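**Student:** mmCIF, C-alpha atoms, file data-v9.cif:
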```cif
data_my_file
loop_
_atom_site.label_atom_id
_atom_site.label_comp_id
_atom_site.auth_asym_id
_atom_site.auth_seq_id
_atom_site.Cartn_x
_atom_site.Cartn_y
_atom_site.Cartn_z
CA MET A 1114 80.84 65.52 -101.21
CA ASN A 1115 83.46 63.78 -103.34
CA LEU A 1116 86.06 66.31 -104.49
CA THR A 1117 89.79 66.36 -104.94
CA ILE A 1118 91.84 69.37 -103.90
CA ASP A 1119 94.32 70.54 -106.50
CA LEU A 1120 97.51 72.04 -105.07
CA GLN A 1121 99.05 74.76 -107.24
CA LEU A 1122 101.90 75.93 -105.07
CA SER A 1123 103.73 79.21 -105.29
CA PRO A 1124 107.34 78.87 -106.48
CA VAL A 1125 108.29 82.01 -104.52
CA ARG A 1126 107.56 82.39 -100.81
CA LYS A 1127 107.10 85.70 -99.01
CA PRO A 1128 109.31 86.68 -96.06
CA HIS A 1129 107.73 86.32 -92.63
CA PRO A 1130 107.53 89.56 -90.62
CA PRO A 1131 108.67 89.60 -86.97
CA GLU A 1132 105.90 88.20 -84.81
CA SER A 1133 106.04 91.25 -82.57
CA GLN A 1134 104.92 93.37 -85.55
CA LEU A 1135 102.05 91.26 -86.86
CA GLY A 1136 99.06 93.36 -85.80
CA PHE A 1137 95.71 91.92 -86.85
CA GLY A 1138 94.68 91.00 -90.40
CA LYS A 1139 97.45 92.90 -92.18
CA VAL A 1140 99.74 90.06 -93.30
CA PHE A 1141 98.63 87.10 -95.43
CA THR A 1142 100.28 83.79 -96.19
CA ASP A 1143 101.53 82.41 -99.51
CA HIS A 1144 98.35 80.57 -100.52
CA MET A 1145 94.56 80.63 -100.49
CA PHE A 1146 91.82 78.08 -101.06
CA LEU A 1147 89.23 78.46 -103.85
CA MET A 1148 86.16 76.44 -104.81
CA GLN A 1149 83.29 77.25 -107.16
CA TYR A 1150 79.60 76.43 -107.31
CA GLU A 1151 77.11 76.42 -110.18
CA ARG A 1152 73.43 75.63 -109.90
CA GLY A 1153 72.79 72.22 -111.39
CA ARG A 1154 76.44 71.25 -111.16
CA GLY A 1155 77.24 71.72 -107.49
CA TRP A 1156 80.68 72.43 -106.05
CA TYR A 1157 83.73 71.95 -108.26
CA ASP A 1158 87.34 73.00 -108.90
CA ALA A 1159 88.58 72.89 -105.29
CA ARG A 1160 92.16 74.13 -105.20
CA VAL A 1161 94.93 75.74 -103.16
CA VAL A 1162 96.63 78.44 -105.23
CA PRO A 1163 99.10 81.29 -104.65
CA TYR A 1164 97.58 84.21 -102.76
CA GLY A 1165 96.52 86.98 -105.13
CA PRO A 1166 93.70 89.12 -106.52
CA LEU A 1167 90.37 87.59 -107.50
CA PRO A 1168 89.26 88.22 -111.10
CA LEU A 1169 85.69 89.56 -110.75
CA ASP A 1170 83.45 91.07 -113.41
CA PRO A 1171 82.26 94.62 -112.56
CA ALA A 1172 78.69 93.26 -112.64
CA THR A 1173 79.42 90.56 -110.04
CA ALA A 1174 76.28 90.11 -107.94
CA SER A 1175 77.95 90.28 -104.52
CA LEU A 1176 79.34 93.74 -105.33
CA HIS A 1177 75.89 95.15 -106.06
CA TYR A 1178 73.45 93.25 -103.86
CA GLY A 1179 75.51 92.16 -100.87
CA GLN A 1180 75.03 88.42 -101.27
CA SER A 1181 78.11 87.50 -99.27
CA MET A 1182 79.06 86.04 -95.88
CA PHE A 1183 82.14 84.86 -94.05
CA GLU A 1184 83.49 82.98 -91.04
CA GLY A 1185 86.37 83.65 -88.69
CA MET A 1186 88.37 81.10 -86.71
CA LYS A 1187 91.92 80.50 -85.50
CA ALA A 1188 94.73 77.95 -85.45
CA PHE A 1189 97.48 77.94 -82.83
CA ARG A 1190 101.00 76.58 -82.46
CA SER A 1191 101.73 74.68 -79.25
CA ALA A 1192 105.06 74.54 -77.48
CA ASP A 1193 105.80 71.14 -79.10
CA GLY A 1194 105.45 72.71 -82.57
CA SER A 1195 102.10 71.15 -83.42
CA VAL A 1196 99.34 73.27 -84.98
CA ARG A 1197 95.71 72.96 -83.92
CA MET A 1198 92.47 74.68 -84.91
CA PHE A 1199 89.99 75.79 -82.23
CA ARG A 1200 86.53 74.22 -82.70
CA PRO A 1201 86.63 74.17 -86.53
CA GLU A 1202 83.62 71.88 -86.86
CA ARG A 1203 81.42 74.39 -85.01
CA HIS A 1204 82.54 77.24 -87.27
CA CYS A 1205 82.01 75.18 -90.43
CA GLU A 1206 78.54 74.12 -89.30
CA ARG A 1207 77.63 77.75 -88.52
CA MET A 1208 78.56 78.85 -92.04
CA ALA A 1209 76.64 75.96 -93.61
CA ASP A 1210 73.58 76.72 -91.45
CA GLY A 1211 73.67 80.45 -92.26
CA ALA A 1212 74.13 80.30 -96.04
CA PRO A 1213 70.48 79.42 -96.90
CA ARG A 1214 69.27 82.64 -95.21
CA LEU A 1215 71.15 84.50 -97.97
CA CYS A 1216 69.90 82.06 -100.66
CA MET A 1217 73.45 80.71 -100.95
CA PRO A 1218 74.56 77.07 -101.22
CA SER A 1219 75.98 75.56 -98.05
CA PRO A 1220 79.54 74.25 -98.24
CA ASP A 1221 79.63 70.74 -96.75
CA PRO A 1222 81.02 71.28 -93.20
CA ARG A 1223 83.23 68.18 -93.31
CA PHE A 1224 84.73 69.10 -96.66
CA MET A 1225 85.13 72.71 -95.56
CA GLN A 1226 87.13 71.59 -92.53
CA ARG A 1227 89.26 69.35 -94.76
CA ALA A 1228 89.88 72.26 -97.13
CA LEU A 1229 90.97 74.50 -94.25
CA SER A 1230 93.29 71.80 -92.93
CA THR A 1231 94.82 71.43 -96.38
CA LEU A 1232 95.44 75.16 -96.74
CA ILE A 1233 96.94 75.43 -93.24
CA GLY A 1234 98.96 72.27 -93.85
CA VAL A 1235 100.50 73.93 -96.92
CA ASP A 1236 101.23 77.19 -95.06
CA HIS A 1237 102.07 75.42 -91.80
CA ASP A 1238 105.23 77.45 -91.24
CA TRP A 1239 103.21 80.66 -91.17
CA VAL A 1240 101.52 79.78 -87.86
CA PRO A 1241 103.26 81.98 -85.26
CA SER A 1242 104.44 80.67 -81.91
CA SER A 1243 104.76 83.75 -79.67
CA PRO A 1244 102.26 84.23 -76.82
CA GLU A 1245 98.95 85.83 -77.89
CA THR A 1246 99.58 85.09 -81.58
CA ALA A 1247 97.58 82.83 -83.89
CA LEU A 1248 96.74 82.10 -87.50
CA TYR A 1249 93.43 83.79 -88.28
CA ILE A 1250 91.30 81.90 -90.85
CA ARG A 1251 88.75 83.74 -93.00
CA PRO A 1252 86.45 81.51 -95.14
CA THR A 1253 84.25 83.65 -97.40
CA LEU A 1254 81.32 82.92 -99.73
CA ILE A 1255 80.27 85.38 -102.45
CA ALA A 1256 77.77 85.43 -105.33
CA THR A 1257 79.49 85.66 -108.72
CA ASP A 1258 76.80 85.95 -111.40
CA ALA A 1259 77.82 88.78 -113.73
CA GLN A 1260 74.37 90.18 -114.35
CA LEU A 1261 72.42 93.10 -112.87
CA GLY A 1262 69.05 92.25 -111.40
CA VAL A 1263 67.90 91.61 -107.84
CA ARG A 1264 67.74 87.84 -107.55
CA ALA A 1265 69.75 85.02 -106.06
CA SER A 1266 72.88 84.23 -108.01
CA SER A 1267 73.34 80.88 -109.77
CA ARG A 1268 77.14 80.88 -109.30
CA TYR A 1269 79.27 81.30 -106.18
CA LEU A 1270 82.89 81.41 -105.09
CA PHE A 1271 84.03 80.03 -101.76
CA PHE A 1272 87.52 81.18 -100.82
CA THR A 1273 89.67 81.17 -97.70
CA ILE A 1274 92.61 83.37 -96.80
CA VAL A 1275 94.71 83.04 -93.65
CA SER A 1276 96.67 85.62 -91.72
CA PRO A 1277 99.24 85.35 -88.89
CA VAL A 1278 98.01 87.76 -86.22
CA GLY A 1279 98.99 89.29 -82.92
CA PRO A 1280 96.51 90.36 -80.22
CA TYR A 1281 93.35 92.04 -81.51
CA ASN A 1282 93.61 94.72 -78.83
CA PRO A 1283 97.21 96.02 -78.81
CA ASP A 1284 96.65 97.51 -75.33
CA GLY A 1285 96.18 94.03 -73.92
CA PHE A 1286 93.55 92.92 -71.40
CA GLN A 1287 92.37 96.43 -70.60
CA PRO A 1288 88.72 97.38 -69.90
CA LEU A 1289 86.79 98.95 -72.75
CA ARG A 1290 84.77 102.16 -72.62
CA ILE A 1291 81.60 101.49 -74.61
CA TRP A 1292 78.68 103.60 -75.84
CA VAL A 1293 75.10 102.30 -75.55
CA GLU A 1294 73.57 103.01 -78.97
CA ASP A 1295 69.87 103.96 -78.84
CA ARG A 1296 69.42 105.37 -82.35
CA TYR A 1297 70.93 102.99 -84.89
CA VAL A 1298 70.27 99.23 -84.89
CA ARG A 1299 72.48 96.32 -85.86
CA ALA A 1300 69.77 93.74 -86.57
CA ALA A 1301 65.98 93.44 -86.42
CA PRO A 1302 63.72 90.42 -85.92
CA GLY A 1303 63.43 88.55 -89.20
CA GLY A 1304 66.67 90.08 -90.48
CA LEU A 1305 70.23 88.83 -90.84
CA GLY A 1306 71.45 89.19 -87.26
CA SER A 1307 71.97 85.47 -86.70
CA VAL A 1308 74.09 85.09 -89.87
CA LYS A 1309 77.65 86.26 -90.38
CA ALA A 1310 76.56 88.32 -93.36
CA SER A 1311 78.84 91.05 -94.66
CA ALA A 1312 75.90 93.48 -94.60
CA ASN A 1313 75.73 93.31 -90.79
CA TYR A 1314 79.18 94.82 -90.51
CA ALA A 1315 78.48 97.61 -92.98
CA ALA A 1316 75.37 98.48 -90.95
CA SER A 1317 77.49 98.88 -87.81
CA LEU A 1318 80.09 101.31 -89.14
CA LEU A 1319 78.36 104.66 -88.69
CA ALA A 1320 77.41 104.05 -85.06
CA SER A 1321 80.94 102.84 -84.37
CA GLU A 1322 82.47 105.96 -85.89
CA GLU A 1323 80.19 108.22 -83.85
CA ALA A 1324 81.02 106.30 -80.66
CA ARG A 1325 84.74 106.76 -81.27
CA ALA A 1326 84.17 110.48 -81.79
CA ARG A 1327 82.65 110.52 -78.27
CA GLY A 1328 85.73 108.78 -76.88
CA TYR A 1329 84.36 105.23 -76.73
CA SER A 1330 85.93 102.19 -78.37
CA GLN A 1331 82.86 100.03 -79.01
CA VAL A 1332 79.07 100.18 -79.42
CA LEU A 1333 76.60 98.26 -77.27
CA TRP A 1334 73.62 97.42 -79.47
CA LEU A 1335 70.06 97.43 -78.13
CA ASP A 1336 67.04 95.65 -79.58
CA ALA A 1337 65.56 97.20 -82.73
CA LEU A 1338 61.95 97.39 -81.51
CA ASN A 1339 62.12 99.12 -78.12
CA HIS A 1340 65.80 100.09 -77.75
CA ARG A 1341 65.87 98.67 -74.22
CA SER A 1342 67.14 95.07 -74.30
CA ILE A 1343 70.89 94.53 -74.50
CA GLU A 1344 72.05 92.51 -77.50
CA GLU A 1345 75.64 92.57 -78.85
CA LEU A 1346 78.84 94.51 -78.14
CA GLY A 1347 80.37 95.74 -81.39
CA THR A 1348 80.98 92.51 -83.30
CA MET A 1349 81.07 90.43 -80.11
CA ASN A 1350 78.57 88.60 -77.95
CA LEU A 1351 77.99 90.26 -74.57
CA PHE A 1352 77.95 88.78 -71.06
CA VAL A 1353 76.85 90.45 -67.82
CA ARG A 1354 77.47 89.06 -64.35
CA LEU A 1355 74.77 90.07 -61.86
CA GLY A 1356 75.39 88.67 -58.40
CA ASP A 1357 75.97 84.95 -58.88
CA GLU A 1358 74.34 84.81 -62.35
CA LEU A 1359 76.09 85.11 -65.73
CA ILE A 1360 73.69 86.39 -68.40
CA THR A 1361 73.86 86.62 -72.19
CA ALA A 1362 71.16 87.46 -74.72
CA PRO A 1363 69.23 84.48 -76.15
CA LEU A 1364 69.59 83.35 -79.75
CA GLU A 1365 66.26 84.59 -81.12
CA GLY A 1366 67.28 85.61 -84.63
CA THR A 1367 69.09 88.89 -84.00
CA ILE A 1368 72.12 87.49 -82.14
CA LEU A 1369 75.04 85.69 -83.77
CA GLY A 1370 75.60 82.29 -82.18
CA GLY A 1371 79.26 82.82 -81.35
CA VAL A 1372 81.59 79.88 -80.90
CA THR A 1373 83.42 81.72 -78.12
CA ARG A 1374 80.00 82.50 -76.59
CA ASP A 1375 79.23 78.79 -76.49
CA SER A 1376 82.67 78.11 -75.01
CA VAL A 1377 82.06 80.66 -72.24
CA LEU A 1378 78.68 79.12 -71.39
CA THR A 1379 80.19 75.63 -71.39
CA LEU A 1380 83.07 76.60 -69.11
CA ALA A 1381 80.93 78.65 -66.72
CA ARG A 1382 78.45 75.82 -66.26
CA SER A 1383 81.25 73.29 -65.78
CA TRP A 1384 82.56 75.52 -62.95
CA GLY A 1385 79.18 75.42 -61.23
CA LEU A 1386 78.13 78.95 -62.17
CA LYS A 1387 74.56 79.86 -63.05
CA ALA A 1388 74.82 80.79 -66.74
CA THR A 1389 71.57 81.81 -68.40
CA GLU A 1390 70.43 83.01 -71.81
CA ARG A 1391 67.77 85.64 -71.24
CA ARG A 1392 66.85 89.23 -71.99
CA LEU A 1393 68.38 91.99 -69.87
CA THR A 1394 67.37 95.65 -70.27
CA LEU A 1395 69.46 98.78 -69.93
CA ASP A 1396 67.20 99.87 -67.04
CA GLN A 1397 67.98 96.63 -65.21
CA LEU A 1398 71.69 97.17 -65.80
CA VAL A 1399 71.49 100.70 -64.37
CA ALA A 1400 69.57 99.42 -61.34
CA ALA A 1401 72.14 96.65 -60.80
CA GLN A 1402 74.95 99.18 -60.83
CA GLN A 1403 73.09 101.27 -58.25
CA ASP A 1404 72.32 98.37 -55.87
CA GLY A 1405 75.80 96.85 -56.19
CA SER A 1406 74.85 93.58 -57.88
CA LEU A 1407 76.60 94.42 -61.17
CA GLN A 1408 79.84 92.44 -60.96
CA GLU A 1409 81.24 92.26 -64.50
CA VAL A 1410 80.51 93.01 -68.15
CA PHE A 1411 82.55 91.57 -71.01
CA GLY A 1412 82.41 90.83 -74.70
CA CYS A 1413 83.67 87.65 -76.34
CA GLY A 1414 84.57 86.61 -79.86
CA THR A 1415 87.08 84.76 -82.00
CA ALA A 1416 89.38 87.73 -82.58
CA VAL A 1417 89.51 89.15 -79.05
CA VAL A 1418 88.56 86.04 -76.98
CA ILE A 1419 87.42 88.02 -73.89
CA ALA A 1420 87.15 91.84 -73.72
CA PRO A 1421 86.31 93.26 -70.27
CA VAL A 1422 84.17 96.39 -70.04
CA GLY A 1423 85.00 99.06 -67.47
CA GLU A 1424 82.58 101.85 -68.36
CA MET A 1425 79.35 102.28 -70.31
CA GLY A 1426 78.07 105.65 -71.52
CA TYR A 1427 74.48 106.26 -72.57
CA GLY A 1428 72.12 109.16 -73.21
CA GLY A 1429 71.19 109.55 -69.56
CA GLY A 1430 74.54 109.03 -67.88
CA ARG A 1431 77.25 106.45 -67.36
CA ILE A 1432 77.76 103.12 -65.66
CA VAL A 1433 81.06 102.16 -64.07
CA VAL A 1434 81.40 98.38 -63.91
CA GLY A 1435 82.92 97.29 -60.61
CA ARG A 1436 85.90 99.53 -60.11
CA GLY A 1437 86.47 99.91 -63.82
CA GLU A 1438 88.92 97.00 -63.82
CA PRO A 1439 88.81 93.53 -65.42
CA GLY A 1440 86.75 91.13 -63.34
CA GLU A 1441 87.86 87.84 -61.83
CA LEU A 1442 85.63 85.73 -64.08
CA SER A 1443 86.69 87.62 -67.23
CA ARG A 1444 90.33 86.90 -66.46
CA ARG A 1445 89.67 83.26 -65.61
CA LEU A 1446 87.76 82.70 -68.85
CA TYR A 1447 90.45 84.41 -70.92
CA ASP A 1448 93.26 82.45 -69.29
CA THR A 1449 91.40 79.14 -69.66
CA ILE A 1450 90.36 79.53 -73.30
CA THR A 1451 93.76 80.82 -74.43
CA GLY A 1452 95.47 78.13 -72.35
CA VAL A 1453 93.50 75.42 -74.14
CA GLN A 1454 94.17 77.06 -77.51
CA HIS A 1455 97.93 77.25 -76.98
CA GLY A 1456 98.18 73.81 -75.37
CA THR A 1457 99.23 74.95 -71.88
CA LEU A 1458 95.98 73.68 -70.31
CA PRO A 1459 94.20 70.35 -70.90
CA ASP A 1460 91.62 70.24 -73.69
CA THR A 1461 88.82 68.85 -71.53
CA PHE A 1462 86.05 69.31 -74.09
CA GLY A 1463 87.95 68.15 -77.20
CA TRP A 1464 87.88 71.58 -78.82
CA MET A 1465 91.27 71.44 -80.55
CA VAL A 1466 91.84 69.67 -83.89
CA GLU A 1467 95.42 69.05 -85.00
CA VAL A 1468 96.52 70.10 -88.50
CA PRO A 1469 99.51 68.15 -89.87
CA LYS A 1470 102.09 69.83 -92.06
CA LEU A 1471 101.79 68.76 -95.70
CA GLN A 1472 104.82 67.67 -97.64
CA THR A 1473 104.62 69.98 -100.62
CA SER A 1474 107.88 69.67 -102.54
CA PRO A 1475 106.22 69.24 -105.99
CA LEU A 1476 104.62 72.43 -107.30
CA ARG A 1477 101.41 70.65 -108.26
CA GLN A 1478 99.59 67.85 -106.46
CA ARG A 1479 96.10 66.47 -106.10
CA LEU A 1480 94.63 65.38 -102.79
CA THR A 1481 91.51 63.26 -102.45
CA ALA A 1482 89.17 64.91 -99.94
#
```
What does this structure look like when you write it as structure tokens?

**Tutor:**
Amino acid sequence: MNLTIDLQLSPVRKPHPPESQLGFGKVFTDHMFLMQYERGRGWYDARVVPYGPLPLDPATASLHYGQSMFEGMKAFRSADGSVRMFRPERHCERMADGAPRLCMPSPDPRFMQRALSTLIGVDHDWVPSSPETALYIRPTLIATDAQLGVRASSRYLFFTIVSPVGPYNPDGFQPLRIWVEDRYVRAAPGGLGSVKASANYAASLLASEEARARGYSQVLWLDALNHRSIEELGTMNLFVRLGDELITAPLEGTILGGVTRDSVLTLARSWGLKATERRLTLDQLVAAQQDGSLQEVFGCGTAVVIAPVGEMGYGGGRIVVGRGEPGELSRRLYDTITGVQHGTLPDTFGWMVEVPKLQTSPLRQRLTA
């Protein structure tokens, strides 16, 4: 993929808010990356431009038929001032692999990573340095044909915005109370569950709202066919520790192949733990709580890293995990992954990729990518 990246820099820069007030996904940097696609022409017009609204026709296909998807990843500032992305190649490959399921063109993963590095290099000073902060990166792909009619679009826009963020859970590393959802489903076999499609998140909203009304913070999704097998936790992958075994649902088309999920499996196996990908039912979880073999339950994802679960409510009762406190393994995984991300622990697996600051004194430049 032979493209240049045009830099159209903003002459006016926004003030940076105090890092203690960042929240999550509320503040955005000075610039964004854009690139377009047309059938028969391929990708073109790659550029970094000032952050601002996107001009979209009211008939734009993604607004009517949901042909859109996104990624989510992070960059971190180390104590020496350097900025590094966490496993960007894995995220870029996941987006490229998922796009064909939505009949969308795949951005080249290597060029996508270069584009992200360019954008972050331009807005390098926006990467926060306080503990538990990061630069959240949101690549997005949408269909842009301005014509009504249910069919795959012939034109697409790939754009990326970035946001300095604080911790996803403002209460810190506290156990979640979750509701086991046995009515609504997140994804069915043959559907979009393995793709980071925007539609998946819209499908989850009603169950999430009803769970919050019951006093729970997240929804535990069960399989669509029998409503017995455990799948995902909210927008996170789920892990359960039974005795000496760490279990997560297999990637069989309804589960998103999380990058943090893969990192947890890699770390657990490197520590000598038995980490398996297999089905686990709600009945088995209840039985494990009763016989004392249920040690820990936690979710994992880019935004939250590790989210321990202390209590699970369901139609027939409730499950208290351990003593309702974060487990030893949950804490160890969180400390290890965040330590690698922030540069306080060695990067044994080569997960971090440094992003140099770009010298951007001229308002317009072109970079060969």

**Student:** Using all atoms listed in the file, which protein or nucleic acid residues come within 8 Å of Met1198 of chain A? Drop anything in the same chain fewer than 5 positions from it, and give the result as an MDAnalysis selection string.

**Tutor:** chainID A and resid 1186:1189 1454 1465:1468

**Student:** Would you mind reading off the distance between atom CA of Ile1419 of chain A and atom CA of Tyr1447 of chain A, one decimal, in Å?

**Tutor:**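 That distance, rounded to one decimal, is 5.6 Å.
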
**Student:** Go through A:Leu1232, A:Ala1310, A:Met1114, A:Ala1265 and flag the residue nearest Tyr1164 of chain A, using only C-alpha atoms for the distances.

**Tutor:** A:Leu1232

**Student:** Report as JSON lines the residues of segment 1342-1368 of chain A within 6 Å of segment 1408-1414 of chain A, each with its shortest atom pair and distance in Å (one decimal), using all atoms listed in the file, ordered by chain and increasing residue number.

**Tutor:**
```
{"residue": "A:Met1349", "atom": "CA", "partner": "A:Gly1414", "partner_atom": "CA", "distance": 5.2}
{"residue": "A:Asn1350", "atom": "CA", "partner": "A:Cys1413", "partner_atom": "CA", "distance": 5.4}
{"residue": "A:Leu1351", "atom": "CA", "partner": "A:Gly1412", "partner_atom": "CA", "distance": 4.5}
{"residue": "A:Phe1352", "atom": "CA", "partner": "A:Phe1411", "partner_atom": "CA", "distance": 5.4}
{"residue": "A:Val1353", "atom": "CA", "partner": "A:Val1410", "partner_atom": "CA", "distance": 4.5}
{"residue": "A:Arg1354", "atom": "CA", "partner": "A:Glu1409", "partner_atom": "CA", "distance": 4.9}
{"residue": "A:Leu1355", "atom": "CA", "partner": "A:Gln1408", "partner_atom": "CA", "distance": 5.7}
```

**Student:** Residues within 12 Å of (84.6, 65.3, -101.4), file coordinates, counting only C-alpha atoms: what are they? Give the list as an MDAnalysis selection string.

**Tutor:** chainID A and resid 1114:1118 1148 1155:1159 1220:1228 1480:1482

**Student:** Could you expand the PyMOL selection byres ((chain A and resi 1370) around 10) into the explicit residues it covers here, written as a VMD selection string?

**Tutor:** chain A and resid 1204 1207 1306 to 1309 1350 1363 to 1369 1371 to 1375

**Student:** Tell me which residues the PyMOL selection byres ((chain A and resi 1428) around 10) grabs here, as a compact mmCIF listing (two decimals) with C-alpha atoms, keeping the file's coordinate frame.

**Tutor:**
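Output (result-v4.txt):
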```
# COMPACT_ATOMS: atom_id res chain seq x y z
CA TRP A 1292 78.68 103.60 -75.84
CA VAL A 1293 75.10 102.30 -75.55
CA GLU A 1294 73.57 103.01 -78.97
CA ASP A 1295 69.87 103.96 -78.84
CA GLY A 1426 78.07 105.65 -71.52
CA TYR A 1427 74.48 106.26 -72.57
CA GLY A 1429 71.19 109.55 -69.56
CA GLY A 1430 74.54 109.03 -67.88
CA ARG A 1431 77.25 106.45 -67.36
```

**Student:** Go through A:Pro1421, A:Asp1238, A:Arg1290, A:Glu1202 one by one, measure the shortest atom-to-atom distance of each to Pro1128 of chain A using all atoms listed in the file, and give the residue with the smallest value.

**Tutor:**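 Of the candidates, the smallest distance to Pro1128 of chain A is held by A:Asp1238.
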
**Student:** Do you know which residues are at most 9 Å from segment 1193-1196 of chain A counting all atoms listed in the file, after dropping those on the same chain fewer than 6 positions away, and could you put them as a PyMOL selection string?

**Tutor:** chain A and resi 1233-1234+1237+1240+1242+1456+1466-1470

**Student:** How far is it from atom CA of Ser1123 of chain A to atom CA of Phe1141 of chain A, in Å with one decimal?

**Tutor:**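 A separation of 13.6 Å between them.
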
**Student:** In terms of the shortest atom-to-atom distance over all atoms listed in the file, which of A:Pro1166, A:Ser1267, A:Gln1121, A:Pro1130 is closest to Glu1151 of chain A?

**Tutor:**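 Among the listed residues, the smallest separation from Glu1151 of chain A belongs to A:Ser1267.
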
**Student:** Given the file shown, determine the residues that the PyMOL selection byres ((chain A and resi 1455) around 9) selects; report them as a ChimeraX atom specification.

**Tutor:** /A:1189-1192,1197,1242,1244-1245,1247,1450-1454,1456-1458

**Student:** Would you mind telling me which residue in A:Pro1288, A:Gly1304, A:Gly1138, A:Gly1279 lies nearest to Gly1440 of chain A when using all atoms listed in the file?

**Tutor:**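 The answer is A:Pro1288, which sits nearest to Gly1440 of chain A.
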